[in-house]
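Dumped start19.cif below, it's mmCIF, C-alpha atoms and all ligand atoms:
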data_model
#
loop_
_atom_site.label_atom_id
_atom_site.label_comp_id
_atom_site.auth_asym_id
_atom_site.auth_seq_id
_atom_site.Cartn_x
_atom_site.Cartn_y
_atom_site.Cartn_z
CA MET A 472 97.37 228.72 -26.54
CA LYS A 473 96.17 226.71 -29.55
CA ILE A 474 93.38 224.19 -28.94
CA LEU A 475 92.25 221.51 -31.37
CA ALA A 476 88.51 221.07 -30.72
CA ILE A 477 86.18 218.28 -31.85
CA GLU A 478 82.35 218.26 -31.86
CA THR A 479 80.10 215.36 -32.94
CA SER A 480 77.01 215.69 -30.71
CA CYS A 481 74.36 215.62 -33.45
CA ASP A 482 74.56 215.72 -37.24
CA GLU A 483 77.65 217.87 -37.88
CA THR A 484 81.14 216.36 -37.74
CA ALA A 485 83.23 219.37 -36.75
CA ALA A 486 86.83 220.20 -35.88
CA ALA A 487 88.53 223.55 -35.32
CA VAL A 488 91.77 225.13 -34.16
CA VAL A 489 91.18 228.09 -31.85
CA GLU A 490 93.81 230.44 -30.46
CA ASP A 491 93.36 232.00 -27.00
CA GLY A 492 89.60 231.43 -27.01
CA ARG A 493 88.72 234.25 -29.37
CA ARG A 494 90.61 233.69 -32.64
CA VAL A 495 89.52 230.90 -35.00
CA LEU A 496 92.40 229.56 -37.12
CA SER A 497 90.19 226.95 -38.82
CA ASN A 498 86.61 225.74 -38.57
CA ALA A 499 85.84 222.54 -40.52
CA VAL A 500 82.24 221.28 -40.57
CA ALA A 501 81.14 218.15 -42.45
CA SER A 502 77.36 218.46 -42.44
CA GLN A 503 75.06 215.44 -42.63
CA ILE A 504 71.95 217.54 -43.26
CA GLU A 505 71.44 216.17 -46.80
CA ILE A 506 71.74 212.58 -45.52
CA HIS A 507 69.08 213.02 -42.80
CA ARG A 508 66.73 215.23 -44.84
CA ARG A 509 65.09 212.25 -46.56
CA PHE A 510 64.04 210.95 -43.11
CA GLY A 511 62.63 214.32 -42.00
CA GLY A 512 65.04 214.53 -39.03
CA VAL A 513 68.27 213.14 -37.57
CA VAL A 514 68.47 209.32 -37.38
CA PRO A 515 70.88 208.64 -34.49
CA GLU A 516 72.46 205.43 -35.84
CA ILE A 517 73.04 206.97 -39.27
CA ALA A 518 74.58 210.04 -37.59
CA SER A 519 77.08 207.86 -35.66
CA ARG A 520 78.12 205.95 -38.78
CA ASN A 521 78.68 209.13 -40.76
CA HIS A 522 80.72 210.69 -37.95
CA THR A 523 82.95 207.61 -38.09
CA LEU A 524 83.41 208.11 -41.83
CA ALA A 525 84.09 211.85 -41.58
CA ILE A 526 85.98 212.39 -38.32
CA GLU A 527 89.54 211.73 -39.50
CA SER A 528 89.34 213.85 -42.66
CA THR A 529 87.54 216.67 -40.82
CA VAL A 530 90.22 216.85 -38.11
CA ARG A 531 92.90 216.72 -40.81
CA SER A 532 91.25 219.61 -42.70
CA ALA A 533 91.05 221.70 -39.53
CA LEU A 534 94.76 221.14 -38.85
CA ASP A 535 95.77 221.78 -42.49
CA GLU A 536 93.69 224.95 -42.76
CA ALA A 537 95.25 226.28 -39.56
CA GLY A 538 98.70 225.26 -40.78
CA ALA A 539 99.09 223.42 -37.48
CA GLY A 540 100.62 220.06 -36.60
CA LYS A 541 101.23 218.09 -33.42
CA ASP A 542 103.87 220.52 -32.10
CA ASP A 543 101.63 223.60 -32.49
CA ILE A 544 98.69 222.19 -30.54
CA ASP A 545 98.64 222.77 -26.76
CA ALA A 546 95.48 220.83 -25.88
CA VAL A 547 92.67 218.71 -27.34
CA ALA A 548 89.04 219.58 -26.46
CA VAL A 549 85.91 217.58 -27.17
CA THR A 550 82.16 217.79 -26.60
CA TYR A 551 81.28 215.00 -24.13
CA GLY A 552 77.53 215.86 -23.88
CA ALA A 553 74.70 216.69 -24.25
CA GLY A 554 73.67 215.01 -27.46
CA LEU A 555 73.16 211.68 -29.21
CA LEU A 556 75.20 209.12 -27.29
CA GLY A 557 76.48 207.15 -30.29
CA ALA A 558 77.36 210.36 -32.13
CA LEU A 559 79.19 211.84 -29.10
CA LEU A 560 81.19 208.63 -28.63
CA VAL A 561 82.84 209.01 -32.05
CA GLY A 562 84.25 212.44 -31.14
CA VAL A 563 85.13 211.48 -27.56
CA ASN A 564 87.01 208.34 -28.62
CA PHE A 565 88.85 210.11 -31.43
CA ALA A 566 89.86 212.94 -29.10
CA LYS A 567 91.03 210.52 -26.40
CA ALA A 568 93.13 208.55 -28.91
CA LEU A 569 94.69 211.72 -30.32
CA ALA A 570 95.40 213.23 -26.89
CA TYR A 571 97.08 209.96 -25.85
CA ALA A 572 99.08 209.55 -29.04
CA TRP A 573 100.20 213.20 -29.09
CA ASP A 574 100.65 213.39 -25.32
CA LYS A 575 98.41 216.47 -24.96
CA PRO A 576 95.97 217.33 -22.16
CA LEU A 577 92.35 216.51 -23.00
CA TYR A 578 89.48 218.81 -21.98
CA ALA A 579 85.82 217.74 -21.85
CA VAL A 580 83.39 220.49 -22.86
CA SER A 581 79.63 220.73 -22.46
CA HIS A 582 77.84 221.46 -25.73
CA ILE A 583 75.69 224.09 -24.00
CA ARG A 584 78.73 225.95 -22.65
CA GLY A 585 80.15 225.74 -26.16
CA HIS A 586 77.12 227.53 -27.62
CA ILE A 587 77.49 230.26 -24.99
CA ALA A 588 81.26 230.58 -25.62
CA ALA A 589 80.59 231.13 -29.35
CA ASN A 590 79.93 234.71 -28.22
CA TYR A 591 83.62 235.16 -27.34
CA ILE A 592 84.82 234.46 -30.89
CA ASP A 593 85.99 237.63 -32.65
CA SER A 594 84.53 239.70 -29.79
CA ASP A 595 85.63 241.26 -26.52
CA LEU A 596 82.52 240.20 -24.55
CA GLU A 597 83.29 239.50 -20.89
CA PRO A 598 81.02 238.18 -18.10
CA PRO A 599 78.81 238.99 -16.31
CA TYR A 600 75.96 239.07 -18.83
CA VAL A 601 72.55 237.56 -19.56
CA CYS A 602 72.53 234.78 -22.18
CA LEU A 603 69.43 233.70 -24.09
CA LEU A 604 70.10 230.12 -25.17
CA ALA A 605 67.81 228.60 -27.83
CA SER A 606 68.79 225.46 -29.70
CA GLY A 607 67.28 222.17 -30.81
CA GLY A 608 67.76 220.68 -27.35
CA HIS A 609 67.70 223.63 -24.92
CA THR A 610 65.82 226.85 -24.26
CA ALA A 611 66.81 228.97 -21.27
CA VAL A 612 67.94 232.33 -19.97
CA LEU A 613 71.12 232.21 -17.93
CA ARG A 614 73.21 234.60 -15.92
CA VAL A 615 76.81 234.07 -16.99
CA ASP A 616 78.51 235.04 -13.73
CA ASP A 617 82.05 234.43 -14.95
CA TYR A 618 83.79 232.21 -17.54
CA SER A 619 83.18 229.07 -15.50
CA ARG A 620 79.94 229.76 -13.59
CA LEU A 621 76.37 229.92 -14.90
CA THR A 622 73.08 230.47 -13.09
CA CYS A 623 69.90 229.31 -14.80
CA LEU A 624 67.23 232.03 -14.51
CA GLY A 625 64.53 230.06 -16.29
CA GLN A 626 64.07 227.38 -18.92
CA THR A 627 61.49 225.55 -20.96
CA GLY A 628 59.04 223.37 -19.08
CA ASP A 629 58.50 221.15 -22.13
CA ASP A 630 59.96 221.33 -25.67
CA ALA A 631 62.95 223.38 -26.84
CA ALA A 632 62.41 226.28 -29.26
CA GLY A 633 64.38 224.64 -32.09
CA GLU A 634 62.42 221.41 -31.68
CA ALA A 635 59.19 223.41 -32.17
CA PHE A 636 60.60 225.09 -35.31
CA ASP A 637 61.50 221.65 -36.71
CA LYS A 638 58.13 220.03 -35.88
CA VAL A 639 56.04 222.93 -37.14
CA ALA A 640 58.10 222.95 -40.36
CA ARG A 641 57.31 219.26 -40.82
CA VAL A 642 53.55 219.88 -40.43
CA LEU A 643 53.83 222.66 -43.02
CA GLY A 644 55.59 220.26 -45.44
CA LEU A 645 58.98 221.99 -45.16
CA PRO A 646 62.29 220.06 -45.16
CA TYR A 647 64.64 219.47 -42.19
CA PRO A 648 66.05 221.52 -40.47
CA GLY A 649 62.92 223.58 -40.06
CA GLY A 650 64.25 226.81 -38.55
CA PRO A 651 65.73 228.41 -41.68
CA GLU A 652 62.77 227.13 -43.79
CA ILE A 653 60.18 228.69 -41.45
CA GLN A 654 62.14 231.95 -41.51
CA LYS A 655 62.10 231.95 -45.35
CA LEU A 656 58.38 231.11 -45.63
CA ALA A 657 57.43 233.58 -42.87
CA ALA A 658 58.93 236.41 -44.93
CA GLU A 659 56.11 235.87 -47.47
CA GLY A 660 53.32 235.92 -44.86
CA ALA A 661 51.72 238.04 -42.12
CA PRO A 662 51.49 237.08 -38.43
CA ARG A 663 47.67 237.27 -38.44
CA PHE A 664 47.00 234.23 -36.21
CA HIS A 665 47.32 234.92 -32.51
CA MET A 666 49.14 231.89 -31.14
CA PRO A 667 49.63 230.89 -27.49
CA ARG A 668 52.66 232.11 -25.56
CA PRO A 669 53.44 232.24 -21.84
CA VAL A 670 52.99 235.54 -20.02
CA PHE A 671 55.93 236.93 -18.05
CA LYS A 672 54.97 238.72 -14.85
CA ASP A 673 57.51 241.03 -13.25
CA GLY A 674 59.08 239.31 -10.27
CA GLY A 675 57.56 235.97 -11.36
CA ALA A 676 59.46 232.92 -12.58
CA ILE A 677 60.69 232.85 -16.18
CA ARG A 678 59.42 229.71 -17.87
CA PHE A 679 59.23 229.03 -21.59
CA SER A 680 56.79 226.61 -23.20
CA TYR A 681 56.66 225.33 -26.77
CA SER A 682 54.46 222.25 -26.64
CA GLY A 683 51.17 224.21 -26.57
CA LEU A 684 52.31 226.39 -29.47
CA LYS A 685 53.34 223.36 -31.51
CA THR A 686 50.01 221.58 -30.82
CA TYR A 687 48.13 224.77 -31.77
CA VAL A 688 49.78 224.76 -35.23
CA VAL A 689 49.22 221.01 -35.70
CA ASN A 690 45.51 221.37 -34.82
CA LEU A 691 45.09 224.45 -37.01
CA VAL A 692 46.58 222.70 -40.06
CA HIS A 693 44.53 219.52 -39.47
CA THR A 694 41.26 221.46 -38.98
CA LEU A 695 41.77 223.51 -42.14
CA SER A 696 42.66 220.46 -44.22
CA GLN A 697 39.69 218.45 -42.86
CA ARG A 698 37.42 221.30 -43.90
CA GLY A 699 39.03 221.24 -47.34
CA GLU A 700 40.16 224.83 -46.89
CA ASP A 701 43.39 226.30 -48.23
CA ILE A 702 46.22 226.27 -45.69
CA PRO A 703 47.78 229.75 -45.51
CA ARG A 704 51.26 228.28 -44.88
CA ALA A 705 53.18 231.55 -45.04
CA ASP A 706 50.83 233.29 -42.57
CA ILE A 707 51.00 230.29 -40.23
CA ALA A 708 54.82 230.29 -40.43
CA ALA A 709 54.92 234.05 -39.73
CA SER A 710 52.49 233.73 -36.79
CA PHE A 711 54.38 230.78 -35.32
CA GLN A 712 57.73 232.56 -35.69
CA ALA A 713 56.34 235.71 -34.01
CA ALA A 714 54.99 233.70 -31.05
CA ALA A 715 58.13 231.55 -30.73
CA VAL A 716 60.48 234.56 -30.90
CA GLY A 717 58.16 236.71 -28.74
CA GLN A 718 58.44 234.46 -25.72
CA LEU A 719 62.23 234.26 -26.07
CA THR A 720 62.68 238.02 -26.15
CA GLU A 721 60.14 238.57 -23.35
CA GLY A 722 62.10 236.09 -21.24
CA ALA A 723 65.35 237.91 -22.07
CA ALA A 724 63.78 241.25 -21.13
CA ALA A 725 62.58 239.82 -17.80
CA ALA A 726 66.09 238.46 -17.12
CA LEU A 727 67.70 241.84 -17.88
CA ARG A 728 65.24 243.52 -15.49
CA SER A 729 65.71 241.03 -12.66
CA THR A 730 69.54 240.94 -12.87
CA GLY A 731 70.11 244.61 -13.72
CA LEU A 732 72.96 243.47 -16.04
CA GLY A 733 73.85 245.65 -19.02
CA LYS A 734 74.76 242.97 -21.59
CA LEU A 735 72.59 240.46 -23.45
CA SER A 736 73.94 237.65 -25.63
CA ILE A 737 72.21 235.08 -27.82
CA ALA A 738 73.39 231.48 -28.21
CA GLY A 739 72.30 228.31 -30.06
CA GLY A 740 70.96 227.45 -33.51
CA VAL A 741 67.71 229.42 -33.12
CA GLY A 742 69.98 232.41 -32.46
CA ALA A 743 70.54 232.45 -36.25
CA ASN A 744 66.93 233.62 -36.66
CA ALA A 745 66.74 237.12 -38.14
CA LEU A 746 63.50 238.11 -36.36
CA LEU A 747 64.98 236.98 -33.03
CA ARG A 748 68.05 239.18 -33.60
CA GLU A 749 65.85 242.14 -34.57
CA GLU A 750 63.53 241.77 -31.56
CA ALA A 751 66.44 241.15 -29.16
CA LYS A 752 67.97 244.43 -30.37
CA LYS A 753 64.78 246.27 -29.34
CA VAL A 754 64.75 244.54 -25.95
CA ALA A 755 68.42 245.37 -25.32
CA GLU A 756 67.97 249.00 -26.41
CA LYS A 757 64.96 249.40 -24.12
CA ALA A 758 66.94 248.00 -21.18
CA GLY A 759 69.99 250.14 -22.01
CA ALA A 760 71.99 246.94 -22.58
CA SER A 761 74.43 245.99 -25.33
CA LEU A 762 73.50 243.04 -27.58
CA HIS A 763 75.98 240.31 -28.60
CA TYR A 764 75.55 237.33 -30.91
CA PRO A 765 77.92 235.03 -32.77
CA ALA A 766 78.44 235.12 -36.55
CA LEU A 767 75.92 232.79 -38.22
CA ARG A 768 78.48 229.98 -38.77
CA TYR A 769 79.15 229.88 -35.00
CA CYS A 770 75.42 229.82 -34.03
CA THR A 771 74.64 226.33 -35.28
CA ASP A 772 76.81 223.38 -34.26
CA ASN A 773 80.55 223.83 -34.83
CA ALA A 774 83.83 222.98 -33.06
CA ALA A 775 85.23 226.53 -32.83
CA MET A 776 82.77 227.23 -29.99
CA ILE A 777 84.08 224.12 -28.17
CA GLY A 778 87.65 225.39 -28.51
CA ALA A 779 86.59 228.79 -27.17
CA ALA A 780 84.81 227.21 -24.16
CA ALA A 781 87.81 224.95 -23.43
CA TYR A 782 90.21 227.91 -23.41
CA PHE A 783 88.14 229.82 -20.83
CA ASP A 784 87.74 226.61 -18.78
CA ILE A 785 91.52 226.18 -18.77
CA VAL A 786 92.25 229.78 -17.73
CA SER A 787 89.58 229.38 -15.01
CA GLY A 788 91.56 226.43 -13.61
CA ALA A 789 89.77 223.39 -15.07
CA GLU A 790 91.59 220.07 -14.77
CA PRO A 791 92.20 217.89 -17.85
CA ALA A 792 89.80 214.96 -18.32
CA PRO A 793 91.05 211.41 -17.67
CA LEU A 794 91.32 208.99 -20.59
CA THR A 795 88.37 207.14 -19.04
CA LEU A 796 86.17 210.10 -20.12
CA ASP A 797 82.74 208.92 -21.25
CA ALA A 798 80.04 210.57 -23.37
CA LYS A 799 76.81 211.72 -21.69
CA ALA A 800 73.42 212.11 -23.38
CA THR A 801 72.39 214.82 -20.91
CA VAL A 802 74.43 217.31 -18.89
CA ARG A 803 73.35 219.86 -16.29
CA LEU A 804 72.52 223.24 -17.78
CA ALA A 805 74.20 225.18 -14.96
O1 LIG A 901 72.36 224.66 -31.82
P1 LIG A 901 71.90 223.77 -32.88
O2 LIG A 901 72.63 223.77 -34.20
O3 LIG A 901 71.88 222.28 -32.39
C1 LIG A 901 71.48 221.93 -31.09
O4 LIG A 901 72.33 222.03 -30.18
O5 LIG A 901 70.31 221.59 -30.93
O6 LIG A 901 70.36 224.12 -33.11
C2 LIG A 901 69.63 223.51 -34.13
C3 LIG A 901 68.27 224.12 -34.15
C4 LIG A 901 67.32 223.42 -35.11
O7 LIG A 901 66.15 223.14 -34.42
C5 LIG A 901 67.12 224.44 -36.22
O8 LIG A 901 65.85 224.33 -36.83
C6 LIG A 901 67.29 225.74 -35.47
O9 LIG A 901 68.35 225.50 -34.59
N1 LIG A 901 67.61 226.87 -36.37
C7 LIG A 901 66.80 227.93 -36.54
C8 LIG A 901 67.42 228.74 -37.55
N2 LIG A 901 68.58 228.13 -37.93
C9 LIG A 901 68.68 226.98 -37.21
N3 LIG A 901 65.65 228.27 -35.95
C10 LIG A 901 65.05 229.41 -36.34
N4 LIG A 901 65.54 230.23 -37.30
C11 LIG A 901 66.73 229.93 -37.93
N5 LIG A 901 67.20 230.75 -38.87
ZN ZN A 902 73.96 222.76 -30.66
#
In structure tokens, write the structure found in this file.
Ligand code: KG4
Ligand code: ZN
Amino acid sequence: MKILAIETSCDETAAAVVEDGRRVLSNAVASQIEIHRRFGGVVPEIASRNHTLAIESTVRSALDEAGAGKDDIDAVAVTYGAGLLGALLVGVNFAKALAYAWDKPLYAVSHIRGHIAANYIDSDLEPPYVCLLASGGHTAVLRVDDYSRLTCLGQTGDDAAGEAFDKVARVLGLPYPGGPEIQKLAAEGAPRFHMPRPVFKDGGAIRFSYSGLKTYVVNLVHTLSQRGEDIPRADIAASFQAAAVGQLTEGAAAALRSTGLGKLSIAGGVGANALLREEAKKVAEKAGASLHYPALRYCTDNAAMIGAAAYFDIVSGAEPAPLTLDAKATVRLA
């Protein structure tokens, strides 16, 4: 089954053709990062306008690269939420128009489920497993019971991990998006500042928190600059990264213990972080679990993950979406 998938939830206009959920025939991404960088973050209205400009050529590239036309495509899939409403609407409306014109079933996919399904690409991972999800909008540990059912084991009580990476990067004078920049700067520093992180008690609830950590860095930088002292940016980046990653992997370890499952996967943009992958490997080894994560290009936003999620929804019995499908700024995690 070949699915044409479309994703426009934030600042990447993306389209892909995915075969049977695990094989990517094409993965086109038109990134707006350079456009938003001058504003220090994504400007929703500018994102929508640029999706409108890029959507047709991006879908065309995905089809051309896959060598696929109307007759080869079995279904159209699109991210309907969560994300920026105006941005989502561009993808949803394009997908609806194409599904109608080509007379193909349309499937509505949650962006979060897409990030999780990125783990199926080029892999033989099968549920059940524990998934650590960390992106710009979400931070949670989930039990993936089967291809269509998730149970949330714990999530952030305030900010998402990626949001903290982006805000801390801004305070340190680094460009958007902050995650890769913090990782680069942290490599030149030492984690010598002990920064706040939640404590995970066995049997207790798993709850992440990033707002205190972010405020700690903001206050540290302001205090040092008020005193006219040098700001050890690399050490601060390394300390922040260690604390941010530490709570993610501790949460994952707690979830492995409480579920007794033998597989751990990582999903979302923060999942591209090298320290997180290294620390998650230790956690998985200690728990006797296997570790799974997507290739870097499928960690951050892309449409291949949406095509993968749609395939497993379809084989799990999901119904096509009506042409009245609407975009949603928020969707339930599980
Ligand atoms: O999944 P994603 O592309 O979009 C959302 O669904 O939010 O995640 C974007 C987030 C950004 O906050 C970005 O700074 C972060 O992922 N990110 C990273 C890295 N690469 C991207 N965070 C830490 N280390 C990285 N290498
Ligand atoms: Zn995302």
Neighbours of ligand ZN 902 (chain A) within 9 Å, counting all atoms listed in the file, as a ChimeraX atom specification?
/A:480-481,553-554,582-583,585-586,605-609,739-740,770-773
Per residue of range 614-714 of chain A within 10 Å of range 506-517 of chain A, which atom pair is closest and at what distance in Å (one decimal), using only C-alpha atoms, listed by chain and increasing number, as a tab-separated table?
residue	atom	partner	partner_atom	distance
A:Asp637	CA	A:Gly512	CA	8.3
A:Lys638	CA	A:Gly512	CA	9.4
A:Ala640	CA	A:Gly511	CA	9.9
A:Arg641	CA	A:Gly511	CA	7.4
A:Gly644	CA	A:Gly511	CA	9.8
A:Leu645	CA	A:Gly511	CA	9.1
A:Pro646	CA	A:Gly511	CA	6.6
A:Tyr647	CA	A:Arg508	CA	5.4
A:Pro648	CA	A:Gly512	CA	7.2
A:Gly649	CA	A:Gly512	CA	9.4
Between CA of Tyr551 in chain A and CA of Thr795 in chain A, what distance in Å does the model show, to one decimal?
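Between CA of Tyr551 in chain A and CA of Thr795 in chain A the gap is 11.7 Å.
The shell of residues at most 9 Å from Gly538 in chain A, with all atoms listed in the file counted and near chain neighbours (fewer than 4 positions) removed, consists of Leu496, Ser497, Ala533, Leu534 and Asp543 of chain A.
Nearest residue to Ala589 in chain A among A:Ala789, A:Ala780, A:Ala657, A:Ala805 is A:Ala780, counting all atoms listed in the file.
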Taking into account all atoms listed in the file, which residue in the set A:His665, A:Arg614, A:Arg493, A:Lys799 is nearest to Leu559 in chain A?
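Among the listed residues, the smallest separation from Leu559 in chain A belongs to A:Lys799.
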Let me make sure I understand: among A:His763, A:Lys655, A:Arg668, A:Lys473, which one has the smallest atom-to-atom distance to ligand LIG 901 (chain A) if we use all atoms listed in the file?
A:Lys655
Restricting the calculation to all atoms listed in the file, which member of A:Val530, A:Ala572, A:Ile504, A:Ala487 is positioned closest to ligand LIG 901 (chain A)?
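Checking each candidate against ligand LIG 901 (chain A), we get A:Ile504 as the closest.
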Extract, using all atoms listed in the file, all DNA, RNA and protein residues at most 7 Å from range 706-720 of chain A, discarding same-chain residues fewer than 6 positions from it, and format them as a list in words.
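Answer for this query is Ala632, Ile653, Leu656, Ala657, Ala658, Gly660, Ala661, Pro662, Arg663, Phe664, His665, Met666, Arg668, Pro669, Phe679, Leu747, Glu750, Ala751 and Val754 of chain A.
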CA of Ile702 in chain A to CA of Glu659 in chain A: how many Å, to one decimal?
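CA of Glu659 in chain A lies at a distance of 13.9 Å from CA of Ile702 in chain A.
Among the candidate residues A:Leu604, A:Ala611, A:Ala755, A:Ala539, the one lying nearest to ligand LIG 901 (chain A) is A:Leu604, with distances computed using only C-alpha atoms and all ligand atoms.
If you look at CA of Thr484 in chain A and CA of Ala501 in chain A, they are 5.0 Å away from each other.
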What are the centre and edge lengths in Å, to one decimal, of the axis-aligned box around all listed atoms of ligand LIG 901 (chain A) with 5 Å added on each side, as AutoDock Vina command-line options?
--center_x 68.8 --center_y 226.2 --center_z -34.5 --size_x 17.6 --size_y 19.2 --size_z 18.7
Of the listed residues A:Arg748, A:His693, A:Arg698, A:Lys734, that which approaches ligand LIG 901 (chain A) most closely, counting only C-alpha atoms and all ligand atoms:
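Of A:Arg748, A:His693, A:Arg698, A:Lys734, the one nearest ligand LIG 901 (chain A), counting only C-alpha atoms and all ligand atoms, is A:Arg748.
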Mind checking which residues fall within 10 Å of Val580 in chain A, counting only C-alpha atoms, ignoring those fewer than 5 positions away in the same chain, and posting them as a PDB file with C-alpha atoms, in the coordinates of the input?
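Just written: selection.pdb:
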ATOM      1  CA  ALA A 476      88.510 221.070 -30.720  1.00  0.00           C
ATOM      2  CA  ILE A 477      86.180 218.280 -31.850  1.00  0.00           C
ATOM      3  CA  GLU A 478      82.350 218.260 -31.860  1.00  0.00           C
ATOM      4  CA  ALA A 548      89.040 219.580 -26.460  1.00  0.00           C
ATOM      5  CA  VAL A 549      85.910 217.580 -27.170  1.00  0.00           C
ATOM      6  CA  THR A 550      82.160 217.790 -26.600  1.00  0.00           C
ATOM      7  CA  TYR A 551      81.280 215.000 -24.130  1.00  0.00           C
ATOM      8  CA  GLY A 552      77.530 215.860 -23.880  1.00  0.00           C
ATOM      9  CA  ALA A 553      74.700 216.690 -24.250  1.00  0.00           C
ATOM     10  CA  GLY A 585      80.150 225.740 -26.160  1.00  0.00           C
ATOM     11  CA  MET A 776      82.770 227.230 -29.990  1.00  0.00           C
ATOM     12  CA  ILE A 777      84.080 224.120 -28.170  1.00  0.00           C
ATOM     13  CA  GLY A 778      87.650 225.390 -28.510  1.00  0.00           C
ATOM     14  CA  ALA A 779      86.590 228.790 -27.170  1.00  0.00           C
ATOM     15  CA  ALA A 780      84.810 227.210 -24.160  1.00  0.00           C
ATOM     16  CA  ALA A 781      87.810 224.950 -23.430  1.00  0.00           C
ATOM     17  CA  ASP A 784      87.740 226.610 -18.780  1.00  0.00           C
ATOM     18  CA  ALA A 792      89.800 214.960 -18.320  1.00  0.00           C
TER      19      ALA A 792
END
Skip Trp573 in chain A itself and residues of its chain fewer than 5 positions away, then list as a ChimeraX atom specification all residues within 10 Å of it, counting all atoms listed in the file.
/A:541-542,544-547,567-568
For the selection just defined, write its residues with C-alpha atoms to a file, as a PDB file, in the coordinates of the input.
ATOM      1  CA  LYS A 541     101.230 218.090 -33.420  1.00  0.00           C
ATOM      2  CA  ASP A 542     103.870 220.520 -32.100  1.00  0.00           C
ATOM      3  CA  ILE A 544      98.690 222.190 -30.540  1.00  0.00           C
ATOM      4  CA  ASP A 545      98.640 222.770 -26.760  1.00  0.00           C
ATOM      5  CA  ALA A 546      95.480 220.830 -25.880  1.00  0.00           C
ATOM      6  CA  VAL A 547      92.670 218.710 -27.340  1.00  0.00           C
ATOM      7  CA  LYS A 567      91.030 210.520 -26.400  1.00  0.00           C
ATOM      8  CA  ALA A 568      93.130 208.550 -28.910  1.00  0.00           C
TER       9      ALA A 568
END
Contacts of Tyr782 in chain A at 8 Å or less, counting only C-alpha atoms, minus same-chain residues fewer than 5 places along, as a PyMOL selection string?
chain A and resi 472+474+491-492
